[in-house]
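Next comes data03.cif, a file with mmCIF, C-alpha atoms.
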data_query
#
loop_
_atom_site.label_atom_id
_atom_site.label_comp_id
_atom_site.auth_asym_id
_atom_site.auth_seq_id
_atom_site.Cartn_x
_atom_site.Cartn_y
_atom_site.Cartn_z
CA MET G 53 51.05 -44.87 87.00
CA LYS G 54 52.67 -46.69 84.07
CA THR G 55 55.04 -48.91 85.99
CA HIS G 56 53.22 -51.13 88.46
CA VAL G 57 55.05 -53.12 91.11
CA PRO G 58 52.88 -55.80 92.72
CA GLU G 59 51.96 -55.15 96.33
CA HIS G 60 53.62 -58.36 97.52
CA ALA G 61 56.91 -57.28 95.89
CA VAL G 62 56.70 -53.92 97.67
CA ARG G 63 56.12 -55.67 101.01
CA VAL G 64 59.24 -57.80 100.50
CA LEU G 65 61.23 -54.72 99.45
CA LYS G 66 60.23 -53.10 102.74
CA GLN G 67 61.41 -56.21 104.60
CA PHE G 68 64.82 -55.94 102.91
CA ARG G 69 64.96 -52.27 103.95
CA VAL G 70 64.26 -53.21 107.58
CA ILE G 71 67.01 -55.85 107.47
CA PHE G 72 69.58 -53.53 105.86
CA ARG G 73 68.74 -50.70 108.28
CA ALA G 74 69.09 -53.01 111.30
CA VAL G 75 72.45 -54.27 110.04
CA LYS G 76 73.69 -50.74 109.37
CA GLU G 77 72.53 -49.44 112.77
CA HIS G 78 74.13 -52.35 114.62
CA TYR G 79 77.47 -51.89 112.87
CA ARG G 80 77.29 -48.14 113.52
CA ARG G 81 76.84 -48.82 117.27
CA VAL G 82 79.71 -51.33 117.23
CA GLU G 83 82.03 -48.86 115.52
CA LYS G 84 81.03 -46.04 117.88
CA VAL G 85 81.82 -48.19 120.94
CA THR G 86 84.99 -49.86 119.64
CA GLY G 87 86.44 -47.71 116.87
CA LEU G 88 86.54 -50.91 114.76
CA SER G 89 84.35 -51.98 111.88
CA GLY G 90 81.80 -54.73 112.40
CA SER G 91 83.88 -57.17 110.36
CA HIS G 92 86.91 -56.52 112.58
CA VAL G 93 84.84 -57.09 115.71
CA TRP G 94 83.31 -60.27 114.30
CA ALA G 95 86.78 -61.58 113.46
CA LEU G 96 88.02 -60.64 116.92
CA ALA G 97 85.05 -62.44 118.53
CA ILE G 98 85.85 -65.60 116.55
CA ILE G 99 89.55 -65.41 117.43
CA ASP G 100 88.72 -64.86 121.10
CA ALA G 101 86.29 -67.81 121.18
CA ASN G 102 88.74 -70.06 119.30
CA PRO G 103 92.26 -69.54 120.64
CA ARG G 104 95.00 -70.56 118.21
CA VAL G 105 92.62 -70.43 115.23
CA ARG G 106 94.35 -70.54 111.86
CA PRO G 107 93.85 -67.70 109.36
CA GLY G 108 92.21 -70.07 106.86
CA GLU G 109 89.68 -71.17 109.47
CA LEU G 110 88.92 -67.53 110.26
CA THR G 111 88.46 -66.77 106.56
CA GLU G 112 85.98 -69.63 106.28
CA ALA G 113 84.09 -68.65 109.44
CA LEU G 114 83.69 -65.07 108.19
CA ALA G 115 82.79 -66.21 104.65
CA ILE G 116 85.16 -63.64 103.16
CA HIS G 117 88.02 -63.64 100.68
CA GLN G 118 91.45 -64.63 101.99
CA SER G 119 92.96 -61.23 101.14
CA THR G 120 90.20 -59.47 103.10
CA ALA G 121 90.86 -61.73 106.10
CA SER G 122 94.59 -61.00 105.84
CA ASN G 123 93.90 -57.26 105.94
CA ILE G 124 91.63 -57.67 108.97
CA ILE G 125 94.23 -59.81 110.77
CA ARG G 126 97.01 -57.35 109.95
CA HIS G 127 94.93 -54.48 111.38
CA LEU G 128 94.00 -56.39 114.56
CA VAL G 129 97.64 -57.34 115.12
CA ALA G 130 98.78 -53.73 114.56
CA GLU G 131 96.17 -52.48 117.06
CA GLY G 132 97.37 -54.98 119.67
CA TYR G 133 94.19 -57.06 119.77
CA VAL G 134 95.61 -60.22 118.19
CA VAL G 135 98.92 -62.07 118.32
CA ARG G 136 100.20 -64.32 115.55
CA ASP G 137 102.21 -67.32 116.66
CA ARG G 138 103.83 -70.09 114.67
CA ASN G 139 102.05 -73.44 114.87
CA GLN G 140 103.96 -75.82 117.15
CA SER G 141 103.72 -78.79 114.77
CA ASP G 142 103.96 -76.91 111.45
CA ALA G 143 106.35 -73.95 111.49
CA ARG G 144 104.95 -72.72 108.17
CA ALA G 145 101.50 -72.14 109.67
CA PHE G 146 100.34 -69.32 111.93
CA GLU G 147 97.77 -69.33 114.68
CA LEU G 148 95.85 -66.37 116.05
CA SER G 149 94.95 -65.56 119.64
CA SER G 150 93.32 -62.58 121.29
CA THR G 151 95.10 -60.35 123.77
CA PRO G 152 93.85 -58.99 127.11
CA ALA G 153 93.13 -55.71 125.29
CA ALA G 154 90.84 -57.63 122.90
CA LYS G 155 88.98 -59.21 125.79
CA ALA G 156 88.44 -55.79 127.37
CA LEU G 157 87.21 -54.37 124.07
CA LEU G 158 84.88 -57.31 123.40
CA ALA G 159 83.31 -56.85 126.84
CA LYS G 160 82.01 -53.46 125.62
CA VAL G 161 80.69 -54.64 122.24
CA PRO G 162 76.91 -54.54 121.79
CA GLU G 163 75.41 -58.00 121.30
CA PRO G 164 75.40 -59.89 119.10
CA LYS G 165 79.13 -59.54 118.49
CA ILE G 166 78.89 -61.43 115.18
CA GLY G 167 76.22 -59.06 113.86
CA VAL G 168 72.44 -59.02 113.93
CA LEU G 169 71.86 -60.63 110.54
CA VAL G 170 74.38 -63.44 111.03
CA GLN G 171 72.95 -64.14 114.49
CA ALA G 172 69.38 -64.19 113.18
CA LEU G 173 70.32 -66.56 110.35
CA ALA G 174 72.26 -68.82 112.72
CA GLU G 175 69.20 -69.12 114.97
CA MET G 176 66.84 -70.15 112.16
CA PRO G 177 65.87 -73.81 111.78
CA PRO G 178 67.87 -75.60 109.06
CA ALA G 179 64.76 -76.18 106.91
CA SER G 180 63.89 -72.50 106.99
CA ILE G 181 67.42 -71.40 106.17
CA HIS G 182 67.54 -73.89 103.29
CA ALA G 183 64.24 -72.54 101.89
CA LEU G 184 65.45 -68.95 102.26
CA GLU G 185 68.71 -69.80 100.52
CA GLY G 186 66.81 -71.22 97.55
CA GLN G 187 64.54 -68.20 97.30
CA LEU G 188 67.45 -65.76 97.52
CA ASP G 189 69.31 -67.73 94.83
CA HIS G 190 66.24 -67.18 92.64
CA VAL G 191 66.19 -63.42 93.39
CA ILE G 192 69.92 -63.15 92.64
CA ALA G 193 69.48 -65.00 89.35
CA ARG G 194 66.54 -62.73 88.40
CA MET G 195 68.86 -59.79 88.98
CA GLY G 196 71.33 -61.30 86.52
CA GLN G 197 74.00 -61.91 89.15
CA PRO G 198 75.99 -65.10 89.73
CA SER G 199 75.29 -66.59 93.14
CA GLU G 200 79.02 -66.53 93.94
CA ALA G 201 79.58 -62.97 92.70
CA PRO G 202 82.63 -61.15 94.15
CA GLY G 203 80.31 -59.20 96.47
CA ALA G 204 79.41 -62.47 98.19
CA PHE G 205 82.78 -62.37 99.95
CA GLN G 206 82.65 -58.72 101.04
CA PRO G 207 81.66 -58.13 104.68
CA LEU G 208 78.29 -56.42 105.09
CA ALA G 209 79.89 -54.05 107.57
CA ASP G 210 82.05 -52.74 104.74
CA LEU G 211 79.22 -52.05 102.26
#

Target encoding structure tokens, full file:
Amino acid sequence: MKTHVPEHAVRVLKQFRVIFRAVKEHYRRVEKVTGLSGSHVWALAIIDANPRVRPGELTEALAIHQSTASNIIRHLVAEGYVVRDRNQSDARAFELSSTPAAKALLAKVPEPKIGVLVQALAEMPPASIHALEGQLDHVIARMGQPSEAPGAFQPLADL
């Protein structure tokens, strides 16, 4: 064979495949149970756990672009899972809260509601996550991609 890929690189490639398959399977189960994408369910779980959360805070928590968050919010409001209310102290600002229908839906969602990869990363020790972040930055750079490429703000559930 003319093109040789080192065995250790192949092992890591297989690990990425396991991760991507697990993410895809989890989001498929979530969508089958709820009829919503994984990113919609994650947003709904955050809104439910943080009543009166502001859209900007939701955007930050989901690590997505503001326009993507706006689309998710609009969909959840249209489906009757979220209500938008004006902030009491700042009439220009909106706050989001879940509805009883959202609570009923979330009760059926397979755990973890935020997604298997996000949950796994959240449970890692800070030193490990910091080391992984550095190594992934290196991989991204070797692929010729900026670390803050537009894809960094696209939900995995939507890939």

Exercise. Spell out the residues picked by the PyMOL selection byres ((chain G and resi 133) around 7) here, as a PyMOL selection string.
Key: chain G and resi 128-129+131-132+134+150-151+153-154

Selection to disk with C-alpha atoms, as a short mmCIF file (atom, residue, chain, number, x, y, z; two decimals), in the frame of the given file:
data_model
loop_
_atom_site.label_atom_id
_atom_site.label_comp_id
_atom_site.auth_asym_id
_atom_site.auth_seq_id
_atom_site.Cartn_x
_atom_site.Cartn_y
_atom_site.Cartn_z
CA LEU G 128 94.00 -56.39 114.56
CA VAL G 129 97.64 -57.34 115.12
CA GLU G 131 96.17 -52.48 117.06
CA GLY G 132 97.37 -54.98 119.67
CA VAL G 134 95.61 -60.22 118.19
CA SER G 150 93.32 -62.58 121.29
CA THR G 151 95.10 -60.35 123.77
CA ALA G 153 93.13 -55.71 125.29
CA ALA G 154 90.84 -57.63 122.90
#

Quiz item: Counting all atoms listed in the file, which of G:Glu109, G:Glu147, G:Glu59, G:Glu163 gets nearest to Val82 in chain G?
Solution: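 When distances to Val82 in chain G are compared using all atoms listed in the file, the smallest one comes from G:Glu163.
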
Work out where the centre of an axis-aligned box around every listed atom of range 172-177 of chain G lies and how long its edges are once 4 Å is added on each side; give both in Å to one decimal as lines of an AutoDock Vina configuration file.
center_x = 69.1
center_y = -69.0
center_z = 112.7
size_x = 14.4
size_y = 17.6
size_z = 12.6

Quiz item: If the PyMOL selection byres ((chain G and resi 101) around 12) is run on the structure shown, which residues does it catch, given as a ChimeraX atom specification?
Solution: /G:94-100,102-105,110,113,148-151,154-155,158,165-166

Exercise. Report the distance between CA of Val85 in chain G and CA of Pro164 in chain G in Å, rounded to one decimal place.
Key: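 So the two atoms, CA of Val85 in chain G and CA of Pro164 in chain G, lie 13.5 Å apart.
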
Exercise. May I have the residues within 9 Å of Pro207 in chain G as a ChimeraX atom specification, using only C-alpha atoms and disregarding those fewer than 3 positions away in the same chain?
Key: /G:90-91,114-116,120,203-204,210-211

Quiz item: What is the CA of Ile192 in chain G-CA of Ala61 in chain G distance in Å, reported with one decimal?
Solution: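 About the pair CA of Ile192 in chain G and CA of Ala61 in chain G: they are 14.6 Å apart.
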
All residues 12 Å or closer to Ser119 in chain G, all atoms listed in the file, same chain fewer than 5 positions away omitted, as an mmCIF file with C-alpha atoms, in the coordinates of the input:
data_model
loop_
_atom_site.group_PDB
_atom_site.id
_atom_site.type_symbol
_atom_site.label_atom_id
_atom_site.label_comp_id
_atom_site.auth_asym_id
_atom_site.auth_seq_id
_atom_site.Cartn_x
_atom_site.Cartn_y
_atom_site.Cartn_z
ATOM 1 C CA PRO G 107 93.850 -67.700 109.360
ATOM 2 C CA GLY G 108 92.210 -70.070 106.860
ATOM 3 C CA LEU G 110 88.920 -67.530 110.260
ATOM 4 C CA THR G 111 88.460 -66.770 106.560
ATOM 5 C CA ILE G 124 91.630 -57.670 108.970
ATOM 6 C CA ILE G 125 94.230 -59.810 110.770
ATOM 7 C CA ARG G 126 97.010 -57.350 109.950
ATOM 8 C CA PHE G 205 82.780 -62.370 99.950
ATOM 9 C CA GLN G 206 82.650 -58.720 101.040
#

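Rounded to one decimal, CA of Glu112 in chain G and CA of Arg144 in chain G lie 19.3 Å from each other.
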
Practice problem: Apply the PyMOL selection byres ((chain G and resi 68-77) around 10) to the structure shown and report the selected residues as a list in words. | Solution: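 For this structure, the PyMOL selection byres ((chain G and resi 68-77) around 10) captures Val62, Arg63, Val64, Leu65, Lys66, Gln67, His78, Tyr79, Arg80, Arg81, Val82, Glu83, Gly90, Gly167, Val168, Leu169, Val170, Leu208, Ala209, Asp210 and Leu211 of chain G.
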
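With all atoms listed in the file as the atoms that count, the minimum distance from Glu185 in chain G to the choices G:Val93, G:His56, G:Leu173, G:Arg106 is reached by G:Leu173.
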